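**Q** Below you'll find coords_16.pdb; it's PDB, N, CA and C atoms, pLDDT in the B column.
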```pdb
MODEL        1
ATOM      1  N   ALA A   1     -73.490 -69.523  51.288  1.00 94.00           N
ATOM      2  CA  ALA A   1     -73.402 -70.769  50.562  1.00 94.00           C
ATOM      3  C   ALA A   1     -74.783 -71.213  50.079  1.00 94.00           C
ATOM      4  N   ALA A   2     -75.792 -71.041  50.906  1.00 92.00           N
ATOM      5  CA  ALA A   2     -77.147 -71.432  50.516  1.00 92.00           C
ATOM      6  C   ALA A   2     -77.629 -70.592  49.341  1.00 92.00           C
ATOM      7  N   ALA A   3     -77.346 -69.315  49.369  1.00 95.00           N
ATOM      8  CA  ALA A   3     -77.749 -68.446  48.260  1.00 95.00           C
ATOM      9  C   ALA A   3     -77.016 -68.831  46.981  1.00 95.00           C
ATOM     10  N   GLY A   4     -75.757 -69.210  47.097  1.00 94.00           N
ATOM     11  CA  GLY A   4     -74.992 -69.651  45.937  1.00 94.00           C
ATOM     12  C   GLY A   4     -75.567 -70.905  45.321  1.00 94.00           C
ATOM     13  N   LEU A   5     -75.963 -71.859  46.152  1.00 94.00           N
ATOM     14  CA  LEU A   5     -76.574 -73.084  45.629  1.00 94.00           C
ATOM     15  C   LEU A   5     -77.903 -72.770  44.953  1.00 94.00           C
ATOM     16  N   ARG A   6     -78.650 -71.851  45.516  1.00 94.00           N
ATOM     17  CA  ARG A   6     -79.921 -71.466  44.883  1.00 94.00           C
ATOM     18  C   ARG A   6     -79.665 -70.789  43.549  1.00 94.00           C
ATOM     19  N   ALA A   7     -78.660 -69.921  43.490  1.00 93.00           N
ATOM     20  CA  ALA A   7     -78.340 -69.221  42.246  1.00 93.00           C
ATOM     21  C   ALA A   7     -77.891 -70.188  41.152  1.00 93.00           C
ATOM     22  N   LEU A   8     -77.236 -71.262  41.540  1.00 93.00           N
ATOM     23  CA  LEU A   8     -76.787 -72.261  40.573  1.00 93.00           C
ATOM     24  C   LEU A   8     -77.875 -73.284  40.250  1.00 93.00           C
ATOM     25  N   ALA A   9     -79.020 -73.140  40.876  1.00 91.00           N
ATOM     26  CA  ALA A   9     -80.145 -74.073  40.704  1.00 91.00           C
ATOM     27  C   ALA A   9     -79.730 -75.495  41.058  1.00 91.00           C
ATOM     28  N   ALA A  10     -78.963 -75.625  42.140  1.00 93.00           N
ATOM     29  CA  ALA A  10     -78.493 -76.928  42.611  1.00 93.00           C
ATOM     30  C   ALA A  10     -79.416 -77.399  43.735  1.00 93.00           C
ATOM     31  N   ALA A  11     -80.639 -77.719  43.378  1.00 94.00           N
ATOM     32  CA  ALA A  11     -81.654 -78.063  44.378  1.00 94.00           C
ATOM     33  C   ALA A  11     -81.293 -79.317  45.165  1.00 94.00           C
ATOM     34  N   ARG A  12     -80.758 -80.325  44.495  1.00 95.00           N
ATOM     35  CA  ARG A  12     -80.413 -81.564  45.215  1.00 95.00           C
ATOM     36  C   ARG A  12     -79.307 -81.328  46.227  1.00 95.00           C
ATOM     37  N   ARG A  13     -78.316 -80.566  45.844  1.00 95.00           N
ATOM     38  CA  ARG A  13     -77.223 -80.261  46.777  1.00 95.00           C
ATOM     39  C   ARG A  13     -77.741 -79.424  47.946  1.00 95.00           C
ATOM     40  N   SER A  14     -78.627 -78.489  47.671  1.00 96.00           N
ATOM     41  CA  SER A  14     -79.198 -77.650  48.710  1.00 96.00           C
ATOM     42  C   SER A  14     -80.032 -78.485  49.685  1.00 96.00           C
ATOM     43  N   LEU A  15     -80.838 -79.380  49.143  1.00 96.00           N
ATOM     44  CA  LEU A  15     -81.655 -80.249  50.003  1.00 96.00           C
ATOM     45  C   LEU A  15     -80.775 -81.144  50.862  1.00 96.00           C
ATOM     46  N   ARG A  16     -79.750 -81.728  50.252  1.00 95.00           N
ATOM     47  CA  ARG A  16     -78.829 -82.599  50.985  1.00 95.00           C
ATOM     48  C   ARG A  16     -78.168 -81.836  52.128  1.00 95.00           C
ATOM     49  N   SER A  17     -77.726 -80.611  51.849  1.00 96.00           N
ATOM     50  CA  SER A  17     -77.082 -79.792  52.882  1.00 96.00           C
ATOM     51  C   SER A  17     -78.048 -79.450  54.002  1.00 96.00           C
ATOM     52  N   GLN A  18     -79.270 -79.087  53.629  1.00 96.00           N
ATOM     53  CA  GLN A  18     -80.267 -78.715  54.643  1.00 96.00           C
ATOM     54  C   GLN A  18     -80.629 -79.898  55.528  1.00 96.00           C
ATOM     55  N   LEU A  19     -80.796 -81.068  54.928  1.00 97.00           N
ATOM     56  CA  LEU A  19     -81.119 -82.255  55.730  1.00 97.00           C
ATOM     57  C   LEU A  19     -79.983 -82.614  56.679  1.00 97.00           C
ATOM     58  N   PHE A  20     -78.752 -82.549  56.187  1.00 96.00           N
ATOM     59  CA  PHE A  20     -77.605 -82.848  57.047  1.00 96.00           C
ATOM     60  C   PHE A  20     -77.505 -81.845  58.190  1.00 96.00           C
ATOM     61  N   ALA A  21     -77.636 -80.552  57.862  1.00 96.00           N
ATOM     62  CA  ALA A  21     -77.540 -79.513  58.891  1.00 96.00           C
ATOM     63  C   ALA A  21     -78.653 -79.661  59.932  1.00 96.00           C
ATOM     64  N   SER A  22     -79.855 -79.967  59.484  1.00 96.00           N
ATOM     65  CA  SER A  22     -80.970 -80.143  60.421  1.00 96.00           C
ATOM     66  C   SER A  22     -80.743 -81.328  61.353  1.00 96.00           C
ATOM     67  N   ALA A  23     -80.237 -82.417  60.791  1.00 97.00           N
ATOM     68  CA  ALA A  23     -79.941 -83.583  61.626  1.00 97.00           C
ATOM     69  C   ALA A  23     -78.851 -83.256  62.649  1.00 97.00           C
ATOM     70  N   CYS A  24     -77.853 -82.493  62.215  1.00 96.00           N
ATOM     71  CA  CYS A  24     -76.791 -82.086  63.148  1.00 96.00           C
ATOM     72  C   CYS A  24     -77.348 -81.206  64.263  1.00 96.00           C
ATOM     73  N   TYR A  25     -78.210 -80.240  63.917  1.00 96.00           N
ATOM     74  CA  TYR A  25     -78.783 -79.350  64.931  1.00 96.00           C
ATOM     75  C   TYR A  25     -79.576 -80.140  65.962  1.00 96.00           C
ATOM     76  N   ALA A  26     -80.413 -81.039  65.470  1.00 97.00           N
ATOM     77  CA  ALA A  26     -81.238 -81.829  66.390  1.00 97.00           C
ATOM     78  C   ALA A  26     -80.361 -82.749  67.237  1.00 97.00           C
ATOM     79  N   GLY A  27     -79.450 -83.459  66.594  1.00 97.00           N
ATOM     80  CA  GLY A  27     -78.577 -84.384  67.317  1.00 97.00           C
ATOM     81  C   GLY A  27     -77.651 -83.667  68.287  1.00 97.00           C
ATOM     82  N   GLY A  28     -77.063 -82.559  67.834  1.00 96.00           N
ATOM     83  CA  GLY A  28     -76.160 -81.805  68.704  1.00 96.00           C
ATOM     84  C   GLY A  28     -76.876 -81.197  69.895  1.00 96.00           C
ATOM     85  N   GLY A  29     -78.031 -80.624  69.627  1.00 96.00           N
ATOM     86  CA  GLY A  29     -78.793 -79.997  70.713  1.00 96.00           C
ATOM     87  C   GLY A  29     -79.286 -81.000  71.728  1.00 96.00           C
ATOM     88  N   LEU A  30     -79.872 -82.081  71.243  1.00 97.00           N
ATOM     89  CA  LEU A  30     -80.402 -83.094  72.165  1.00 97.00           C
ATOM     90  C   LEU A  30     -79.284 -83.896  72.839  1.00 97.00           C
ATOM     91  N   GLY A  31     -78.270 -84.242  72.071  1.00 96.00           N
ATOM     92  CA  GLY A  31     -77.148 -84.998  72.643  1.00 96.00           C
ATOM     93  C   GLY A  31     -76.407 -84.194  73.695  1.00 96.00           C
ATOM     94  N   GLY A  32     -76.171 -82.927  73.384  1.00 96.00           N
ATOM     95  CA  GLY A  32     -75.503 -82.063  74.360  1.00 96.00           C
ATOM     96  C   GLY A  32     -76.333 -81.873  75.605  1.00 96.00           C
ATOM     97  N   ALA A  33     -77.646 -81.738  75.423  1.00 96.00           N
ATOM     98  CA  ALA A  33     -78.535 -81.578  76.583  1.00 96.00           C
ATOM     99  C   ALA A  33     -78.536 -82.824  77.451  1.00 96.00           C
ATOM    100  N   ALA A  34     -78.502 -83.979  76.816  1.00 97.00           N
ATOM    101  CA  ALA A  34     -78.497 -85.234  77.575  1.00 97.00           C
ATOM    102  C   ALA A  34     -77.193 -85.395  78.354  1.00 97.00           C
ATOM    103  N   LEU A  35     -76.096 -84.925  77.784  1.00 96.00           N
ATOM    104  CA  LEU A  35     -74.797 -85.097  78.442  1.00 96.00           C
ATOM    105  C   LEU A  35     -74.499 -84.031  79.489  1.00 96.00           C
ATOM    106  N   ALA A  36     -74.875 -82.773  79.199  1.00 95.00           N
ATOM    107  CA  ALA A  36     -74.457 -81.708  80.108  1.00 95.00           C
ATOM    108  C   ALA A  36     -75.503 -80.621  80.313  1.00 95.00           C
ATOM    109  N   GLY A  37     -76.749 -80.922  80.066  1.00 96.00           N
ATOM    110  CA  GLY A  37     -77.800 -79.939  80.326  1.00 96.00           C
ATOM    111  C   GLY A  37     -77.789 -78.777  79.345  1.00 96.00           C
ATOM    112  N   THR A  38     -78.133 -77.602  79.847  1.00 96.00           N
ATOM    113  CA  THR A  38     -78.262 -76.417  79.006  1.00 96.00           C
ATOM    114  C   THR A  38     -76.951 -76.029  78.342  1.00 96.00           C
ATOM    115  N   VAL A  39     -75.879 -76.064  79.095  1.00 97.00           N
ATOM    116  CA  VAL A  39     -74.568 -75.702  78.538  1.00 97.00           C
ATOM    117  C   VAL A  39     -74.161 -76.711  77.473  1.00 97.00           C
ATOM    118  N   GLY A  40     -74.416 -77.978  77.704  1.00 97.00           N
ATOM    119  CA  GLY A  40     -74.094 -79.006  76.724  1.00 97.00           C
ATOM    120  C   GLY A  40     -74.903 -78.844  75.449  1.00 97.00           C
ATOM    121  N   SER A  41     -76.156 -78.457  75.604  1.00 97.00           N
ATOM    122  CA  SER A  41     -76.998 -78.217  74.439  1.00 97.00           C
ATOM    123  C   SER A  41     -76.459 -77.055  73.616  1.00 97.00           C
ATOM    124  N   ALA A  42     -76.030 -76.005  74.279  1.00 97.00           N
ATOM    125  CA  ALA A  42     -75.459 -74.856  73.573  1.00 97.00           C
ATOM    126  C   ALA A  42     -74.199 -75.254  72.813  1.00 97.00           C
ATOM    127  N   TRP A  43     -73.335 -76.033  73.444  1.00 97.00           N
ATOM    128  CA  TRP A  43     -72.118 -76.494  72.766  1.00 97.00           C
ATOM    129  C   TRP A  43     -72.447 -77.449  71.623  1.00 97.00           C
ATOM    130  N   GLY A  44     -73.437 -78.277  71.829  1.00 97.00           N
ATOM    131  CA  GLY A  44     -73.851 -79.197  70.771  1.00 97.00           C
ATOM    132  C   GLY A  44     -74.386 -78.470  69.552  1.00 97.00           C
ATOM    133  N   VAL A  45     -75.191 -77.456  69.777  1.00 97.00           N
ATOM    134  CA  VAL A  45     -75.725 -76.662  68.672  1.00 97.00           C
ATOM    135  C   VAL A  45     -74.607 -75.865  68.001  1.00 97.00           C
ATOM    136  N   ALA A  46     -73.665 -75.366  68.772  1.00 97.00           N
ATOM    137  CA  ALA A  46     -72.538 -74.638  68.184  1.00 97.00           C
ATOM    138  C   ALA A  46     -71.708 -75.560  67.286  1.00 97.00           C
ATOM    139  N   ALA A  47     -71.444 -76.765  67.746  1.00 97.00           N
ATOM    140  CA  ALA A  47     -70.697 -77.729  66.928  1.00 97.00           C
ATOM    141  C   ALA A  47     -71.495 -78.120  65.687  1.00 97.00           C
ATOM    142  N   ALA A  48     -72.798 -78.265  65.844  1.00 97.00           N
ATOM    143  CA  ALA A  48     -73.662 -78.610  64.714  1.00 97.00           C
ATOM    144  C   ALA A  48     -73.672 -77.489  63.678  1.00 97.00           C
ATOM    145  N   THR A  49     -73.679 -76.257  64.141  1.00 96.00           N
ATOM    146  CA  THR A  49     -73.647 -75.119  63.226  1.00 96.00           C
ATOM    147  C   THR A  49     -72.359 -75.109  62.418  1.00 96.00           C
ATOM    148  N   ALA A  50     -71.246 -75.391  63.072  1.00 97.00           N
ATOM    149  CA  ALA A  50     -69.964 -75.446  62.362  1.00 97.00           C
ATOM    150  C   ALA A  50     -69.956 -76.578  61.334  1.00 97.00           C
ATOM    151  N   CYS A  51     -70.438 -77.741  61.707  1.00 97.00           N
ATOM    152  CA  CYS A  51     -70.490 -78.876  60.771  1.00 97.00           C
ATOM    153  C   CYS A  51     -71.443 -78.594  59.619  1.00 97.00           C
ATOM    154  N   GLY A  52     -72.599 -78.053  59.918  1.00 96.00           N
ATOM    155  CA  GLY A  52     -73.569 -77.728  58.876  1.00 96.00           C
ATOM    156  C   GLY A  52     -73.025 -76.698  57.903  1.00 96.00           C
ATOM    157  N   SER A  53     -72.351 -75.695  58.433  1.00 96.00           N
ATOM    158  CA  SER A  53     -71.760 -74.663  57.584  1.00 96.00           C
ATOM    159  C   SER A  53     -70.699 -75.252  56.659  1.00 96.00           C
ATOM    160  N   ALA A  54     -69.887 -76.144  57.188  1.00 97.00           N
ATOM    161  CA  ALA A  54     -68.859 -76.789  56.368  1.00 97.00           C
ATOM    162  C   ALA A  54     -69.491 -77.572  55.220  1.00 97.00           C
ATOM    163  N   VAL A  55     -70.573 -78.275  55.502  1.00 97.00           N
ATOM    164  CA  VAL A  55     -71.249 -79.051  54.451  1.00 97.00           C
ATOM    165  C   VAL A  55     -71.825 -78.121  53.390  1.00 97.00           C
ATOM    166  N   TRP A  56     -72.450 -77.020  53.796  1.00 96.00           N
ATOM    167  CA  TRP A  56     -72.992 -76.068  52.827  1.00 96.00           C
ATOM    168  C   TRP A  56     -71.891 -75.552  51.900  1.00 96.00           C
ATOM    169  N   TRP A  57     -70.747 -75.158  52.474  1.00 97.00           N
ATOM    170  CA  TRP A  57     -69.670 -74.604  51.655  1.00 97.00           C
ATOM    171  C   TRP A  57     -69.033 -75.662  50.758  1.00 97.00           C
ATOM    172  N   LEU A  58     -68.907 -76.882  51.245  1.00 97.00           N
ATOM    173  CA  LEU A  58     -68.368 -77.952  50.399  1.00 97.00           C
ATOM    174  C   LEU A  58     -69.309 -78.255  49.238  1.00 97.00           C
ATOM    175  N   GLN A  59     -70.594 -78.242  49.485  1.00 97.00           N
ATOM    176  CA  GLN A  59     -71.559 -78.479  48.416  1.00 97.00           C
ATOM    177  C   GLN A  59     -71.527 -77.335  47.392  1.00 97.00           C
ATOM    178  N   LEU A  60     -71.371 -76.113  47.867  1.00 96.00           N
ATOM    179  CA  LEU A  60     -71.267 -74.982  46.943  1.00 96.00           C
ATOM    180  C   LEU A  60     -70.018 -75.107  46.087  1.00 96.00           C
ATOM    181  N   ARG A  61     -68.908 -75.473  46.696  1.00 96.00           N
ATOM    182  CA  ARG A  61     -67.662 -75.640  45.940  1.00 96.00           C
ATOM    183  C   ARG A  61     -67.806 -76.708  44.871  1.00 96.00           C
ATOM    184  N   SER A  62     -68.447 -77.814  45.217  1.00 95.00           N
ATOM    185  CA  SER A  62     -68.668 -78.885  44.241  1.00 95.00           C
ATOM    186  C   SER A  62     -69.600 -78.425  43.122  1.00 95.00           C
ATOM    187  N   ALA A  63     -70.634 -77.694  43.477  1.00 94.00           N
ATOM    188  CA  ALA A  63     -71.575 -77.197  42.469  1.00 94.00           C
ATOM    189  C   ALA A  63     -70.898 -76.207  41.527  1.00 94.00           C
ATOM    190  N   LEU A  64     -70.021 -75.365  42.067  1.00 94.00           N
ATOM    191  CA  LEU A  64     -69.297 -74.417  41.218  1.00 94.00           C
ATOM    192  C   LEU A  64     -68.364 -75.140  40.256  1.00 94.00           C
ATOM    193  N   ARG A  65     -67.679 -76.154  40.745  1.00 94.00           N
ATOM    194  CA  ARG A  65     -66.816 -76.950  39.865  1.00 94.00           C
ATOM    195  C   ARG A  65     -67.627 -77.589  38.746  1.00 94.00           C
ATOM    196  N   GLU A  66     -68.747 -78.166  39.120  1.00 91.00           N
ATOM    197  CA  GLU A  66     -69.614 -78.822  38.136  1.00 91.00           C
ATOM    198  C   GLU A  66     -70.143 -77.806  37.126  1.00 91.00           C
ATOM    199  N   HIS A  67     -70.488 -76.627  37.603  1.00 88.00           N
ATOM    200  CA  HIS A  67     -71.010 -75.580  36.723  1.00 88.00           C
ATOM    201  C   HIS A  67     -69.942 -75.127  35.726  1.00 88.00           C
ATOM    202  N   HIS A  68     -68.705 -75.006  36.176  1.00 87.00           N
ATOM    203  CA  HIS A  68     -67.630 -74.569  35.287  1.00 87.00           C
ATOM    204  C   HIS A  68     -67.234 -75.649  34.286  1.00 87.00           C
ATOM    205  N   GLN A  69     -67.437 -76.902  34.625  1.00 85.00           N
ATOM    206  CA  GLN A  69     -67.117 -77.996  33.703  1.00 85.00           C
ATOM    207  C   GLN A  69     -68.181 -78.144  32.632  1.00 85.00           C
ATOM    208  N   HIS A  70     -69.423 -77.827  32.975  1.00 75.00           N
ATOM    209  CA  HIS A  70     -70.544 -77.998  32.036  1.00 75.00           C
ATOM    210  C   HIS A  70     -71.336 -76.700  31.937  1.00 75.00           C
ATOM    211  N   PRO A  71     -70.740 -75.658  31.349  1.00 65.00           N
ATOM    212  CA  PRO A  71     -71.491 -74.409  31.250  1.00 65.00           C
ATOM    213  C   PRO A  71     -72.676 -74.541  30.305  1.00 65.00           C
ATOM    214  N   LEU A  72     -73.714 -73.799  30.608  1.00 62.00           N
ATOM    215  CA  LEU A  72     -74.887 -73.793  29.736  1.00 62.00           C
ATOM    216  C   LEU A  72     -74.560 -73.019  28.470  1.00 62.00           C
ATOM    217  N   ARG A  73     -74.973 -73.556  27.350  1.00 62.00           N
ATOM    218  CA  ARG A  73     -74.722 -72.866  26.096  1.00 62.00           C
ATOM    219  C   ARG A  73     -75.932 -72.036  25.719  1.00 62.00           C
ATOM    220  N   GLU A  74     -75.655 -70.943  25.064  1.00 59.00           N
ATOM    221  CA  GLU A  74     -76.753 -70.084  24.629  1.00 59.00           C
ATOM    222  C   GLU A  74     -77.506 -70.722  23.484  1.00 59.00           C
ATOM    223  N   ALA A  75     -78.790 -70.557  23.489  1.00 59.00           N
ATOM    224  CA  ALA A  75     -79.603 -71.036  22.371  1.00 59.00           C
ATOM    225  C   ALA A  75     -79.703 -69.897  21.372  1.00 59.00           C
ATOM    226  N   ARG A  76     -79.222 -70.129  20.183  1.00 64.00           N
ATOM    227  CA  ARG A  76     -79.253 -69.083  19.153  1.00 64.00           C
ATOM    228  C   ARG A  76     -80.347 -69.389  18.142  1.00 64.00           C
ATOM    229  N   THR A  77     -81.018 -68.367  17.748  1.00 66.00           N
ATOM    230  CA  THR A  77     -82.056 -68.548  16.732  1.00 66.00           C
ATOM    231  C   THR A  77     -81.529 -68.007  15.402  1.00 66.00           C
ATOM    232  N   PRO A  78     -81.893 -68.651  14.315  1.00 62.00           N
ATOM    233  CA  PRO A  78     -81.381 -68.201  12.995  1.00 62.00           C
ATOM    234  C   PRO A  78     -81.993 -66.916  12.541  1.00 62.00           C
TER     235      PRO A  78
ENDMDL
END
```
Would you encode the structure as structure tokens?
**A**
Amino acid sequence: AAAGLRALAAARRSLRSQLFASACYAGGGLGGAALAGTVGSAWGVAAATACGSAVWWLQLRSALREHHQHPLREARTP
């Protein structure tokens, strides 16, 4: 999904996804550690990875829809 966003030059969507995923990783890891130690941290990071992945794929799907609605036109020279 990240490579797809880069290929579509969807920098804002890519940044948004990365920030969300990073916040999930930090929150899941630290929150899980606070609740259940090492095992909780592992589960928190696993849940964060799933949430982050979902956001990346949803952003890619939206970018693809947007790309198909507004395709770039070729510049022709006379």
**Q** Quick check on the file I pasted: which residues fall under the PyMOL selection byres ((chain A and resi 10-26) around 8)? Write them as a list in words.
**A** Ala1, Ala2, Gly4, Leu5, Arg6, Ala7, Leu8, Ala9, Gly27, Gly28, Gly29, Leu30, Gly31, Gly32, Gly44, Val45, Ala46, Ala47, Ala48, Thr49, Cys51, Gly52, Ser53, Val55, Trp56, Trp57, Gln59, Leu60 and Ala63 of chain A
**Q** Write down as an NGL selection string the residues of chain A whose backbone DSSP state falls under alpha helix (DSSP H).
**A** :A and (2-7 or 11-69)
**Q** Quick one, how far is atom N of Arg65 of chain A from atom C of Ala50 of chain A?
**A**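 Straight-line distance from atom N of Arg65 of chain A to atom C of Ala50 of chain A works out to 20.7 Å.
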**Q** Quick check, in Å to one decimal: how far apart do atom CA of Ala42 of chain A and atom CA of Ala54 of chain A lie?
**A** 18.5 Å
**Q** How many Å separate atom CA of His70 of chain A from atom N of Leu58 of chain A?
**A**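 Atom N of Leu58 of chain A lies 19.3 Å from atom CA of His70 of chain A.
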